[in-house]
Amino acid sequence: MIGFMHILRRELRLAWRGGTDAVIAVVFFVLAAILFPFGVGTDPGMLPRIGGGIIWVVALLAAMLSLERMFAGDYEDGSLDLLYLSSIPLGTLALAKAAAHWLTTGVLLLVSAPVLALLYNLPGEAIGALVASMLLGTPVLSLVGGIGAALTLGARRGGVLLALLILPLYIPVLIFGASAIDGAVAGRPIGSQLMVMGGFLLAALALAPWATAAALRQAIE
Amino acid sequence: MQGLTTHNLACVRGERAVFAGLDLAVKPGRAMLLSGSNGSGKSSLLRVLAGLLPAAHGHIDWAGEDVADDPDAHRARTAYVGHADPLKPSLTASENLEFWGRLYGLEPEVEAALCQFSIAGLADVPARYLSAGQKRRVNLSRLAIGQNSRNGPVLWLLDEPATGLDPGAVSILAHTILTHLSNEGVAIVSSHGGRLDELLEGKADHFSISARGS
């Protein structure tokens, strides 16, 4: 636990000093979501219907942007070797890295999503559903993304490979996230979607650090 | 026997044998200087000894006990310095050092460690503004932190530690290693000869990998 906090604090400090990386993801998120109405037209009846899905798709892509650097810096400068040689298990390292990624990317997406919801003319209940589904879904993006980030260490064009590996794994989150918002727009109960997403989060919390640790072990060798 | 011994150690990378049948013995208070041409497996050997790479054959013993039986204890006794300097560009030299010190459960006396490598003036400089040699000095200061702590590592594995250092810094490094040896520590150092080897002469044994491995 002490090790977890120690690494998390370092990651947050690096993100704070590094500045632009996290902001880029959010700017991309807002900008890409704004582009869609220019392409598909601004019919006020249509935008609330497609808005939830678009915001979620763009959130997946935005979360991908900063994933590649999750372990790459530590891999390149030898820090990963030293982290491995410390008494802190690789699973704890993976969890701390995912937590830092979520705090610097997921939370910012979460905060800016309601603004986009207004842009898409989503009704009030749907904004609540959007925030709730993103609260449960974005940590899954960070946790599962960590597996991809670790697997693509040392690969040429790792960023592209990462997208190919991870985007299919994001599909369940997208389906239930968008469906929760659709349900709220149509006035249906959305408890079941949120519960499934909660299940995804618990499963990812239990399994992703373990898988990430195995991938990191491979990268160190 | 006390210290580190390897028995019939072999390392395979990508189906290619880097070295095989390697028997090594280093007693407490002694250093081992590894020599060998490029690609002879010095770095691989140090990585195997640190536990970063698995050994394909053979085993490594510390004080007669196989280190694979208790990997956590082996990690706690090992300090590894690789080719790269694990410093984050946006953190200052002292912040970088403090992170590594605390991560390893030591009480980092950062000031003293930086002083030892005569870079106390760089404590508050972000690592991105440091030259290659200065980065190396900061990296090597990790050894000083371990040395000044009660539970510091006993086994030092140094992969060409003098790369990029000026003669003054090489003397400091040699002095640090000699102090470590006088405290019954063990150091295994890969090098291509040079001033560091000369300064450690008398306390060090030589081991050539290429002669055995091929």
# chains A, B, ... in the order shown; residues from 1 in each chain; ligands from 1
>>> residues_around(residues="B:Pro86", least_positions_apart="5", cutoff="8 Å", atoms="only C-alpha atoms", output="number ranges by chain")
A: 74, 77-79; B: 139
>>> write_last_selection(atoms="all heavy atoms", output="PDB file, in the first residue's frame")
ATOM      1  N   ASP A  74       9.360   4.583 -18.528  1.00  0.00           N
ATOM      2  CA  ASP A  74      10.087   3.769 -17.553  1.00  0.00           C
ATOM      3  C   ASP A  74      10.839   2.629 -18.233  1.00  0.00           C
ATOM      4  O   ASP A  74      11.882   2.190 -17.759  1.00  0.00           O
ATOM      5  CB  ASP A  74       9.111   3.189 -16.520  1.00  0.00           C
ATOM      6  CG  ASP A  74       8.651   4.238 -15.530  1.00  0.00           C
ATOM      7  OD1 ASP A  74       9.377   5.232 -15.369  1.00  0.00           O
ATOM      8  OD2 ASP A  74       7.579   4.064 -14.938  1.00  0.00           O
ATOM      9  N   ASP A  77      14.138   4.318 -20.014  1.00  0.00           N
ATOM     10  CA  ASP A  77      15.246   4.840 -19.197  1.00  0.00           C
ATOM     11  C   ASP A  77      15.679   3.867 -18.091  1.00  0.00           C
ATOM     12  O   ASP A  77      16.433   4.245 -17.201  1.00  0.00           O
ATOM     13  CB  ASP A  77      14.909   6.227 -18.631  1.00  0.00           C
ATOM     14  CG  ASP A  77      13.811   6.182 -17.578  1.00  0.00           C
ATOM     15  OD1 ASP A  77      13.431   5.076 -17.162  1.00  0.00           O
ATOM     16  OD2 ASP A  77      13.328   7.254 -17.178  1.00  0.00           O
ATOM     17  N   GLY A  78      15.228   2.613 -18.184  1.00  0.00           N
ATOM     18  CA  GLY A  78      15.701   1.619 -17.220  1.00  0.00           C
ATOM     19  C   GLY A  78      14.984   1.656 -15.887  1.00  0.00           C
ATOM     20  O   GLY A  78      15.278   0.847 -15.009  1.00  0.00           O
ATOM     21  N   SER A  79      14.043   2.578 -15.726  1.00  0.00           N
ATOM     22  CA  SER A  79      13.319   2.651 -14.452  1.00  0.00           C
ATOM     23  C   SER A  79      12.528   1.376 -14.183  1.00  0.00           C
ATOM     24  O   SER A  79      12.374   0.953 -13.038  1.00  0.00           O
ATOM     25  CB  SER A  79      12.345   3.830 -14.454  1.00  0.00           C
ATOM     26  OG  SER A  79      13.037   5.043 -14.544  1.00  0.00           O
TER      27      SER A  79
ATOM     28  N   ASN B 139      22.734   8.941 -10.897  1.00  0.00           N
ATOM     29  CA  ASN B 139      22.361   7.523 -10.859  1.00  0.00           C
ATOM     30  C   ASN B 139      23.248   6.763  -9.865  1.00  0.00           C
ATOM     31  O   ASN B 139      22.762   5.978  -9.045  1.00  0.00           O
ATOM     32  CB  ASN B 139      22.503   6.954 -12.279  1.00  0.00           C
ATOM     33  CG  ASN B 139      22.024   5.519 -12.380  1.00  0.00           C
ATOM     34  OD1 ASN B 139      21.437   4.991 -11.445  1.00  0.00           O
ATOM     35  ND2 ASN B 139      22.274   4.896 -13.519  1.00  0.00           N
TER      36      ASN B 139
END
>>> residues_around(residues="stretch 199-207 of chain B", least_positions_apart="2", cutoff="6 Å", atoms="only C-alpha atoms", output="list in words")
Arg30, Ala31, Met32, Leu33, Leu34, Leu196 and Asp197 of chain B
>>> interface_residues(of="chain A", to="chain B", cutoff="9 Å", atoms="only C-alpha atoms", output="PyMOL selection string")
chain A and resi 3+6-7+10+13-14+17-18+73-74+76-88+217+220-221
>>> write_last_selection(atoms="C-alpha atoms", output="compact mmCIF listing (two decimals), in the first residue's frame")
# COMPACT_ATOMS: atom_id res chain seq x y z
CA GLY A 3 4.48 1.39 -2.43
CA HIS A 6 4.62 6.21 -3.47
CA ILE A 7 4.36 5.35 -7.16
CA ARG A 10 5.38 10.15 -8.44
CA ARG A 13 3.83 14.74 -10.03
CA LEU A 14 5.25 13.71 -13.40
CA ARG A 17 5.16 18.75 -14.43
CA GLY A 18 4.76 17.17 -17.86
CA GLY A 73 9.17 6.15 -20.35
CA ASP A 74 10.09 3.77 -17.55
CA GLU A 76 13.27 3.31 -22.07
CA ASP A 77 15.25 4.84 -19.20
CA GLY A 78 15.70 1.62 -17.22
CA SER A 79 13.32 2.65 -14.45
CA LEU A 80 11.21 -0.44 -15.11
CA ASP A 81 14.16 -2.69 -14.18
CA LEU A 82 14.58 -0.88 -10.89
CA LEU A 83 10.85 -0.88 -10.18
CA TYR A 84 10.87 -4.63 -10.77
CA LEU A 85 13.87 -5.10 -8.46
CA SER A 86 12.17 -3.19 -5.63
CA SER A 87 10.05 -4.98 -3.07
CA ILE A 88 6.86 -3.71 -4.72
CA ARG A 217 7.66 -9.34 -16.82
CA ILE A 220 11.79 -6.78 -18.77
CA GLU A 221 13.22 -10.05 -20.10
>>> closest_residue(among="B:Gly14, B:Gly164, B:Gly41, B:Gly185", to="B:Gly29", atoms="only C-alpha atoms")
B:Gly185
>>> closest_residue(among="A:Met70, A:Val160, A:Val140, A:Leu207", to="A:Pro172", atoms="only C-alpha atoms")
A:Val140
>>> select_by_dssp(residues="stretch 49-128 of chain B", states="strand (DSSP E or B)", output="list of chain:residue names")
B:His57, B:Gly58, B:His59, B:Ile60, B:Asp61, B:Trp62, B:Glu65, B:Asp66, B:Thr78, B:Ala79, B:Tyr80, B:Val81, B:Thr92, B:Pro126
>>> residues_around(residues="A:Ser112", least_positions_apart="4", cutoff="8 Å", atoms="only C-alpha atoms", output="CSV table (one decimal) with N, CA, C and O atoms, in the first residue's frame")
chain,number,residue,atom,x,y,z
A,26,VAL,N,-8.0,15.6,-23.3
A,26,VAL,CA,-9.3,16.2,-23.1
A,26,VAL,C,-9.7,17.1,-24.3
A,26,VAL,O,-10.8,17.2,-24.7
A,30,VAL,N,-13.1,16.9,-26.6
A,30,VAL,CA,-14.0,17.9,-26.8
A,30,VAL,C,-14.1,18.2,-28.3
A,30,VAL,O,-15.2,18.3,-28.9
A,108,LEU,N,-10.7,13.8,-16.1
A,108,LEU,CA,-10.9,15.0,-16.9
A,108,LEU,C,-12.0,14.8,-18.0
A,108,LEU,O,-12.8,15.7,-18.3
A,116,LEU,N,-20.3,18.4,-23.1
A,116,LEU,CA,-20.6,17.9,-24.4
A,116,LEU,C,-22.1,17.4,-24.5
A,116,LEU,O,-22.7,17.5,-25.5
>>> atom_distance(atom1="atom CA of B:Leu24", atom2="atom CA of B:Gly194")
22.4 Å
>>> select_by_dssp(residues="stretch 6-191 of chain B", states="alpha helix (DSSP H)", output="PyMOL selection string")
chain B and resi 42-50+71-77+93-103+110-116+132-148+167-182
>>> closest_residue(among="A:Tyr170, A:Phe29, A:Phe4, A:Phe200", to="A:Val115", atoms="only C-alpha atoms")
A:Phe29
>>> closest_residue(among="A:Gln193, A:Thr212, A:Ser179, A:Thr138", to="A:Leu60", atoms="only C-alpha atoms")
A:Thr138
>>> closest_residue(among="B:Pro153, B:Thr92, B:Cys115, B:Ala187", to="B:Ile172", atoms="only C-alpha atoms")
B:Cys115
>>> residues_around(residues="B:Leu97", least_positions_apart="3", cutoff="7 Å", atoms="only C-alpha atoms", output="ChimeraX atom specification")
/B:93-94,100-101,110,142
>>> write_last_selection(atoms="N, CA, C and O atoms", output="short mmCIF file (atom, residue, chain, number, x, y, z; two decimals), in the first residue's frame")
data_model
loop_
_atom_site.label_atom_id
_atom_site.label_comp_id
_atom_site.auth_asym_id
_atom_site.auth_seq_id
_atom_site.Cartn_x
_atom_site.Cartn_y
_atom_site.Cartn_z
N ALA B 93 17.20 16.44 -9.52
CA ALA B 93 18.13 15.36 -9.17
C ALA B 93 17.78 14.78 -7.80
O ALA B 93 17.73 13.56 -7.63
N SER B 94 17.48 15.65 -6.83
CA SER B 94 17.20 15.13 -5.49
C SER B 94 15.85 14.42 -5.44
O SER B 94 15.70 13.42 -4.74
N TRP B 100 13.84 6.82 -5.62
CA TRP B 100 14.45 5.49 -5.64
C TRP B 100 14.81 5.04 -4.23
O TRP B 100 14.62 3.87 -3.88
N GLY B 101 15.33 5.95 -3.42
CA GLY B 101 15.69 5.59 -2.06
C GLY B 101 14.49 5.06 -1.29
O GLY B 101 14.54 3.99 -0.70
N VAL B 110 19.70 12.32 0.79
CA VAL B 110 19.96 12.74 -0.58
C VAL B 110 21.14 13.71 -0.65
O VAL B 110 22.03 13.58 -1.49
N ARG B 142 22.74 6.68 -6.05
CA ARG B 142 21.88 5.67 -5.44
C ARG B 142 22.70 4.70 -4.60
O ARG B 142 22.25 4.22 -3.56
#
>>> residues_around(residues="stretch 62-67 of chain B", least_positions_apart="2", cutoff="7 Å", atoms="only C-alpha atoms", output="ChimeraX atom specification")
/B:1-5,59-60,69-71,74
>>> write_last_selection(atoms="N, CA, C and O atoms", output="mmCIF file, in the first residue's frame")
data_model
loop_
_atom_site.group_PDB
_atom_site.id
_atom_site.type_symbol
_atom_site.label_atom_id
_atom_site.label_comp_id
_atom_site.auth_asym_id
_atom_site.auth_seq_id
_atom_site.Cartn_x
_atom_site.Cartn_y
_atom_site.Cartn_z
ATOM 1 N N MET B 1 29.961 -21.625 1.018
ATOM 2 C CA MET B 1 30.878 -20.503 0.994
ATOM 3 C C MET B 1 30.127 -19.177 1.028
ATOM 4 O O MET B 1 29.037 -19.050 0.487
ATOM 5 N N GLN B 2 30.691 -18.192 1.704
ATOM 6 C CA GLN B 2 30.084 -16.862 1.754
ATOM 7 C C GLN B 2 30.199 -16.182 0.395
ATOM 8 O O GLN B 2 31.006 -16.574 -0.435
ATOM 9 N N GLY B 3 29.372 -15.163 0.194
ATOM 10 C CA GLY B 3 29.448 -14.414 -1.052
ATOM 11 C C GLY B 3 28.591 -15.047 -2.126
ATOM 12 O O GLY B 3 27.677 -15.815 -1.850
ATOM 13 N N LEU B 4 28.903 -14.696 -3.356
ATOM 14 C CA LEU B 4 28.080 -15.126 -4.481
ATOM 15 C C LEU B 4 28.814 -16.166 -5.317
ATOM 16 O O LEU B 4 29.982 -15.994 -5.647
ATOM 17 N N THR B 5 28.127 -17.255 -5.612
ATOM 18 C CA THR B 5 28.705 -18.264 -6.503
ATOM 19 C C THR B 5 27.670 -18.641 -7.550
ATOM 20 O O THR B 5 26.473 -18.633 -7.274
ATOM 21 N N HIS B 59 22.444 -22.512 -11.412
ATOM 22 C CA HIS B 59 21.837 -21.712 -10.351
ATOM 23 C C HIS B 59 22.848 -20.757 -9.739
ATOM 24 O O HIS B 59 24.063 -20.894 -9.912
ATOM 25 N N ILE B 60 22.299 -19.775 -9.033
ATOM 26 C CA ILE B 60 23.099 -18.734 -8.387
ATOM 27 C C ILE B 60 22.928 -18.917 -6.883
ATOM 28 O O ILE B 60 21.795 -19.013 -6.409
ATOM 29 N N ASP B 69 15.316 -19.616 -4.225
ATOM 30 C CA ASP B 69 14.452 -20.025 -3.118
ATOM 31 C C ASP B 69 13.800 -18.835 -2.438
ATOM 32 O O ASP B 69 12.731 -18.960 -1.849
ATOM 33 N N ASP B 70 14.471 -17.695 -2.470
ATOM 34 C CA ASP B 70 13.934 -16.515 -1.794
ATOM 35 C C ASP B 70 14.235 -15.266 -2.626
ATOM 36 O O ASP B 70 15.135 -14.491 -2.296
ATOM 37 N N PRO B 71 13.480 -15.091 -3.728
ATOM 38 C CA PRO B 71 13.781 -13.967 -4.629
ATOM 39 C C PRO B 71 13.670 -12.609 -3.937
ATOM 40 O O PRO B 71 14.430 -11.689 -4.262
ATOM 41 N N HIS B 74 16.801 -11.750 -2.255
ATOM 42 C CA HIS B 74 17.852 -11.451 -3.225
ATOM 43 C C HIS B 74 17.701 -10.028 -3.756
ATOM 44 O O HIS B 74 18.675 -9.301 -3.904
#
>>> atom_distance(atom1="atom CA of A:Trp102", atom2="atom CA of A:Met197")
16.1 Å
>>> residues_around(residues="A:His101", least_positions_apart="4", cutoff="9 Å", atoms="only C-alpha atoms", output="count of residues only")
15
